[in-house]
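Engineer: Input file: run.cif. Contents: mmCIF, C-alpha atoms and all ligand atoms; chains and numbers go by the auth columns.
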data_structure
loop_
_atom_site.group_PDB
_atom_site.id
_atom_site.type_symbol
_atom_site.label_atom_id
_atom_site.label_comp_id
_atom_site.label_asym_id
_atom_site.label_seq_id
_atom_site.Cartn_x
_atom_site.Cartn_y
_atom_site.Cartn_z
_atom_site.B_iso_or_equiv
_atom_site.auth_seq_id
_atom_site.auth_asym_id
ATOM 1 C CA MET A 1 -25.517 7.768 -6.722 0.00 1 Y
ATOM 2 C CA VAL A 2 -21.894 8.759 -6.867 0.00 2 Y
ATOM 3 C CA GLU A 3 -20.756 6.002 -9.116 0.00 3 Y
ATOM 4 C CA ASN A 4 -19.477 7.256 -12.406 0.00 4 Y
ATOM 5 C CA ASP A 5 -16.126 5.590 -12.282 0.00 5 Y
ATOM 6 C CA ASP A 6 -16.109 3.969 -15.666 0.00 6 Y
ATOM 7 C CA GLU A 7 -12.714 2.490 -15.113 0.00 7 Y
ATOM 8 C CA LYS A 8 -14.111 0.127 -12.529 0.00 8 Y
ATOM 9 C CA GLN A 9 -15.514 -2.981 -14.070 0.00 9 Y
ATOM 10 C CA ARG A 10 -17.869 -5.079 -12.051 0.00 10 Y
ATOM 11 C CA ALA A 11 -18.863 -8.615 -12.710 0.00 11 Y
ATOM 12 C CA ALA A 12 -20.778 -11.476 -11.247 0.00 12 Y
ATOM 13 C CA ALA A 13 -18.484 -14.215 -10.138 0.00 13 Y
ATOM 14 C CA LYS A 14 -19.115 -17.718 -8.992 0.00 14 Y
ATOM 15 C CA CYS A 15 -16.979 -19.909 -6.846 0.00 15 Y
ATOM 16 C CA ASP A 16 -15.998 -22.916 -8.858 0.00 16 Y
ATOM 17 C CA ARG A 17 -15.661 -24.942 -5.720 0.00 17 Y
ATOM 18 C CA TYR A 18 -18.854 -24.253 -3.777 0.00 18 Y
ATOM 19 C CA GLY A 19 -21.020 -22.377 -6.256 0.00 19 Y
ATOM 20 C CA GLU A 20 -21.306 -19.226 -4.160 0.00 20 Y
ATOM 21 C CA ILE A 21 -22.126 -16.208 -6.322 0.00 21 Y
ATOM 22 C CA GLY A 22 -21.202 -12.610 -5.593 0.00 22 Y
ATOM 23 C CA VAL A 23 -20.331 -9.290 -7.193 0.00 23 Y
ATOM 24 C CA VAL A 24 -16.692 -8.542 -7.747 0.00 24 Y
ATOM 25 C CA GLN A 25 -14.651 -5.714 -9.130 0.00 25 Y
ATOM 26 C CA ILE A 26 -12.229 -6.571 -11.881 0.00 26 Y
ATOM 27 C CA LEU A 27 -9.001 -4.765 -11.178 0.00 27 Y
ATOM 28 C CA PRO A 28 -6.818 -3.384 -13.989 0.00 28 Y
ATOM 29 C CA ASP A 29 -4.448 -6.274 -13.515 0.00 29 Y
ATOM 30 C CA GLY A 30 -7.260 -8.742 -14.016 0.00 30 Y
ATOM 31 C CA SER A 31 -7.617 -9.836 -10.433 0.00 31 Y
ATOM 32 C CA LEU A 32 -11.006 -9.982 -8.740 0.00 32 Y
ATOM 33 C CA GLN A 33 -11.988 -8.090 -5.622 0.00 33 Y
ATOM 34 C CA PRO A 34 -15.307 -8.880 -3.928 0.00 34 Y
ATOM 35 C CA LEU A 35 -17.688 -5.954 -3.459 0.00 35 Y
ATOM 36 C CA GLY A 36 -19.836 -5.404 -0.392 0.00 36 Y
ATOM 37 C CA GLN A 37 -18.313 -8.312 1.405 0.00 37 Y
ATOM 38 C CA SER A 38 -14.897 -9.520 2.405 0.00 38 Y
ATOM 39 C CA SER A 39 -15.124 -12.483 0.103 0.00 39 Y
ATOM 40 C CA VAL A 40 -17.597 -14.146 -2.223 0.00 40 Y
ATOM 41 C CA CYS A 41 -17.023 -17.484 -0.620 0.00 41 Y
ATOM 42 C CA ASP A 42 -15.282 -18.906 2.388 0.00 42 Y
ATOM 43 C CA CYS A 43 -12.613 -20.555 0.318 0.00 43 Y
ATOM 44 C CA ASP A 44 -9.814 -18.897 -1.607 0.00 44 Y
ATOM 45 C CA SER A 45 -11.050 -16.295 -4.087 0.00 45 Y
ATOM 46 C CA ALA A 46 -8.570 -17.631 -6.601 0.00 46 Y
ATOM 47 C CA THR A 47 -11.222 -20.183 -7.510 0.00 47 Y
ATOM 48 C CA LEU A 48 -13.707 -17.522 -8.612 0.00 48 Y
ATOM 49 C CA HIS A 49 -15.035 -17.748 -12.128 0.00 49 Y
ATOM 50 C CA VAL A 50 -16.475 -14.645 -13.786 0.00 50 Y
ATOM 51 C CA LEU A 51 -19.996 -15.209 -15.061 0.00 51 Y
ATOM 52 C CA GLU A 52 -20.695 -11.893 -16.779 0.00 52 Y
ATOM 53 C CA THR A 53 -19.645 -8.283 -16.588 0.00 53 Y
ATOM 54 C CA ASP A 54 -21.642 -5.083 -16.296 0.00 54 Y
ATOM 55 C CA SER A 55 -19.898 -2.956 -18.863 0.00 55 Y
ATOM 56 C CA ASP A 56 -18.263 -5.442 -21.161 0.00 56 Y
ATOM 57 C CA LEU A 57 -20.425 -8.222 -22.549 0.00 57 Y
ATOM 58 C CA SER A 58 -17.837 -9.490 -24.968 0.00 58 Y
ATOM 59 C CA GLU A 59 -18.283 -13.104 -25.827 0.00 59 Y
ATOM 60 C CA SER A 60 -15.791 -15.541 -24.456 0.00 60 Y
HETATM 61 ZN ZN ZN B . -15.504 -20.898 -2.627 0.00 1 K
#
Just give me the structure as C-alpha cells.
Structural biologist:
Amino acid sequence: MVENDDEKQRAAAKCDRYGEIGVVQILPDGSLQPLGQSSVCDCDSATLHVLETDSDLSES
C-alpha cells in the first residue's frame, strides 16, 4: 500500500436523490470527489450527502 497521505480525507457518501452509495474524497475546499469511479451516481454529485468519514468521526 502506498497510501499514507493523511491530508486526503475519504468518506462514504450517499446520493440524496437515488440513494446510491460510494466512496468519495473530501477536498480541502470541502467539495467531494468520487473515488474509483467517475461518479457515485448518475445524477449531479452536488446532491451527495456524506455519511461518515474515515479519519474524522466528529459528531455532526
Ligand atoms: Zn444521484
Engineer: Determine the nearest neighbour of Y:Leu35 from the options Y:Thr47, Y:Lys8, Y:Thr53, Y:Gly22, counting only C-alpha atoms.
Structural biologist: Y:Gly22
Engineer: Given the PyMOL selection byres (((not hetatm)) within 10 of (chain K and resi 1)) and the file above, list the residues it selects as a list in words.
Structural biologist: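 After applying the PyMOL selection byres (((not hetatm)) within 10 of (chain K and resi 1)), what remains is Lys14, Cys15, Asp16, Arg17, Tyr18, Gly19, Glu20, Ile21, Ser39, Val40, Cys41, Asp42, Cys43, Asp44, Ser45, Ala46, Thr47 and Leu48 of chain Y.
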Engineer: Within 12 Å of (-15.5, -4.8, -2.4) (coordinates as in the file), grab all the protein and nucleic acid residues, counting only C-alpha atoms, and write them out as a list in words.
Structural biologist: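 These residues have at least one counted atom within 12 Å: Lys8, Gln9, Arg10, Ala11, Gly22, Val23, Val24, Gln25, Ile26, Leu27, Leu32, Gln33, Pro34, Leu35, Gly36, Gln37, Ser38, Ser39 and Val40 of chain Y.
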Engineer: Could you rebuild stretch 25-54 of chain Y with N, CA and C atoms and give me the result as a PDB file, in the coordinates of the input?
Structural biologist:
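As a result, out18.pdb now contains:
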ATOM      1  N   GLN Y  25     -15.228  -6.743  -8.282  1.00  0.00           N
ATOM      2  CA  GLN Y  25     -14.651  -5.714  -9.130  1.00  0.00           C
ATOM      3  C   GLN Y  25     -13.443  -6.309  -9.825  1.00  0.00           C
ATOM      4  N   ILE Y  26     -13.380  -6.090 -11.131  1.00  0.00           N
ATOM      5  CA  ILE Y  26     -12.229  -6.571 -11.881  1.00  0.00           C
ATOM      6  C   ILE Y  26     -11.171  -5.480 -11.883  1.00  0.00           C
ATOM      7  N   LEU Y  27     -10.066  -5.748 -11.265  1.00  0.00           N
ATOM      8  CA  LEU Y  27      -9.001  -4.765 -11.178  1.00  0.00           C
ATOM      9  C   LEU Y  27      -8.242  -4.692 -12.495  1.00  0.00           C
ATOM     10  N   PRO Y  28      -7.556  -3.570 -12.729  1.00  0.00           N
ATOM     11  CA  PRO Y  28      -6.818  -3.384 -13.989  1.00  0.00           C
ATOM     12  C   PRO Y  28      -5.868  -4.532 -14.298  1.00  0.00           C
ATOM     13  N   ASP Y  29      -5.378  -5.176 -13.268  1.00  0.00           N
ATOM     14  CA  ASP Y  29      -4.448  -6.274 -13.515  1.00  0.00           C
ATOM     15  C   ASP Y  29      -5.171  -7.600 -13.725  1.00  0.00           C
ATOM     16  N   GLY Y  30      -6.502  -7.541 -13.713  1.00  0.00           N
ATOM     17  CA  GLY Y  30      -7.260  -8.742 -14.016  1.00  0.00           C
ATOM     18  C   GLY Y  30      -7.679  -9.541 -12.795  1.00  0.00           C
ATOM     19  N   SER Y  31      -7.228  -9.110 -11.630  1.00  0.00           N
ATOM     20  CA  SER Y  31      -7.617  -9.836 -10.433  1.00  0.00           C
ATOM     21  C   SER Y  31      -9.018  -9.426  -9.994  1.00  0.00           C
ATOM     22  N   LEU Y  32      -9.636 -10.222  -9.162  1.00  0.00           N
ATOM     23  CA  LEU Y  32     -11.006  -9.982  -8.740  1.00  0.00           C
ATOM     24  C   LEU Y  32     -11.052  -9.580  -7.281  1.00  0.00           C
ATOM     25  N   GLN Y  33     -11.832  -8.522  -7.002  1.00  0.00           N
ATOM     26  CA  GLN Y  33     -11.988  -8.090  -5.622  1.00  0.00           C
ATOM     27  C   GLN Y  33     -13.464  -8.063  -5.279  1.00  0.00           C
ATOM     28  N   PRO Y  34     -13.893  -8.829  -4.308  1.00  0.00           N
ATOM     29  CA  PRO Y  34     -15.307  -8.880  -3.928  1.00  0.00           C
ATOM     30  C   PRO Y  34     -15.818  -7.522  -3.485  1.00  0.00           C
ATOM     31  N   LEU Y  35     -17.072  -7.211  -3.846  1.00  0.00           N
ATOM     32  CA  LEU Y  35     -17.688  -5.954  -3.459  1.00  0.00           C
ATOM     33  C   LEU Y  35     -18.754  -6.212  -2.394  1.00  0.00           C
ATOM     34  N   GLY Y  36     -18.801  -5.333  -1.393  1.00  0.00           N
ATOM     35  CA  GLY Y  36     -19.836  -5.404  -0.392  1.00  0.00           C
ATOM     36  C   GLY Y  36     -19.659  -6.521   0.606  1.00  0.00           C
ATOM     37  N   GLN Y  37     -18.586  -7.220   0.492  1.00  0.00           N
ATOM     38  CA  GLN Y  37     -18.313  -8.312   1.405  1.00  0.00           C
ATOM     39  C   GLN Y  37     -16.834  -8.618   1.352  1.00  0.00           C
ATOM     40  N   SER Y  38     -16.330  -9.261   2.366  1.00  0.00           N
ATOM     41  CA  SER Y  38     -14.897  -9.520   2.405  1.00  0.00           C
ATOM     42  C   SER Y  38     -14.505 -10.565   1.369  1.00  0.00           C
ATOM     43  N   SER Y  39     -15.420 -11.461   1.095  1.00  0.00           N
ATOM     44  CA  SER Y  39     -15.124 -12.483   0.103  1.00  0.00           C
ATOM     45  C   SER Y  39     -16.428 -13.059  -0.422  1.00  0.00           C
ATOM     46  N   VAL Y  40     -16.402 -13.544  -1.640  1.00  0.00           N
ATOM     47  CA  VAL Y  40     -17.597 -14.146  -2.223  1.00  0.00           C
ATOM     48  C   VAL Y  40     -17.901 -15.464  -1.523  1.00  0.00           C
ATOM     49  N   CYS Y  41     -16.868 -16.152  -1.183  1.00  0.00           N
ATOM     50  CA  CYS Y  41     -17.023 -17.484  -0.620  1.00  0.00           C
ATOM     51  C   CYS Y  41     -15.988 -17.670   0.478  1.00  0.00           C
ATOM     52  N   ASP Y  42     -16.191 -18.667   1.276  1.00  0.00           N
ATOM     53  CA  ASP Y  42     -15.282 -18.906   2.388  1.00  0.00           C
ATOM     54  C   ASP Y  42     -13.914 -19.382   1.917  1.00  0.00           C
ATOM     55  N   CYS Y  43     -13.881 -20.013   0.782  1.00  0.00           N
ATOM     56  CA  CYS Y  43     -12.613 -20.555   0.318  1.00  0.00           C
ATOM     57  C   CYS Y  43     -11.812 -19.479  -0.426  1.00  0.00           C
ATOM     58  N   ASP Y  44     -10.700 -19.850  -0.948  1.00  0.00           N
ATOM     59  CA  ASP Y  44      -9.814 -18.897  -1.607  1.00  0.00           C
ATOM     60  C   ASP Y  44     -10.471 -18.304  -2.845  1.00  0.00           C
ATOM     61  N   SER Y  45     -10.410 -16.970  -2.960  1.00  0.00           N
ATOM     62  CA  SER Y  45     -11.050 -16.295  -4.087  1.00  0.00           C
ATOM     63  C   SER Y  45     -10.380 -16.625  -5.414  1.00  0.00           C
ATOM     64  N   ALA Y  46      -9.259 -17.260  -5.367  1.00  0.00           N
ATOM     65  CA  ALA Y  46      -8.570 -17.631  -6.601  1.00  0.00           C
ATOM     66  C   ALA Y  46      -9.391 -18.611  -7.421  1.00  0.00           C
ATOM     67  N   THR Y  47     -10.402 -19.218  -6.797  1.00  0.00           N
ATOM     68  CA  THR Y  47     -11.222 -20.183  -7.510  1.00  0.00           C
ATOM     69  C   THR Y  47     -12.451 -19.535  -8.141  1.00  0.00           C
ATOM     70  N   LEU Y  48     -12.548 -18.203  -8.041  1.00  0.00           N
ATOM     71  CA  LEU Y  48     -13.707 -17.522  -8.612  1.00  0.00           C
ATOM     72  C   LEU Y  48     -13.689 -17.577 -10.132  1.00  0.00           C
ATOM     73  N   HIS Y  49     -14.883 -17.718 -10.682  1.00  0.00           N
ATOM     74  CA  HIS Y  49     -15.035 -17.748 -12.128  1.00  0.00           C
ATOM     75  C   HIS Y  49     -16.029 -16.664 -12.520  1.00  0.00           C
ATOM     76  N   VAL Y  50     -15.607 -15.755 -13.387  1.00  0.00           N
ATOM     77  CA  VAL Y  50     -16.475 -14.645 -13.786  1.00  0.00           C
ATOM     78  C   VAL Y  50     -17.609 -15.149 -14.664  1.00  0.00           C
ATOM     79  N   LEU Y  51     -18.823 -14.794 -14.295  1.00  0.00           N
ATOM     80  CA  LEU Y  51     -19.996 -15.209 -15.061  1.00  0.00           C
ATOM     81  C   LEU Y  51     -20.300 -14.212 -16.168  1.00  0.00           C
ATOM     82  N   GLU Y  52     -20.414 -12.927 -15.795  1.00  0.00           N
ATOM     83  CA  GLU Y  52     -20.695 -11.893 -16.779  1.00  0.00           C
ATOM     84  C   GLU Y  52     -20.310 -10.549 -16.204  1.00  0.00           C
ATOM     85  N   THR Y  53     -20.063  -9.596 -17.051  1.00  0.00           N
ATOM     86  CA  THR Y  53     -19.645  -8.283 -16.588  1.00  0.00           C
ATOM     87  C   THR Y  53     -20.727  -7.246 -16.853  1.00  0.00           C
ATOM     88  N   ASP Y  54     -20.672  -6.145 -16.122  1.00  0.00           N
ATOM     89  CA  ASP Y  54     -21.642  -5.083 -16.296  1.00  0.00           C
ATOM     90  C   ASP Y  54     -21.422  -4.301 -17.577  1.00  0.00           C
TER      91      ASP Y  54
END
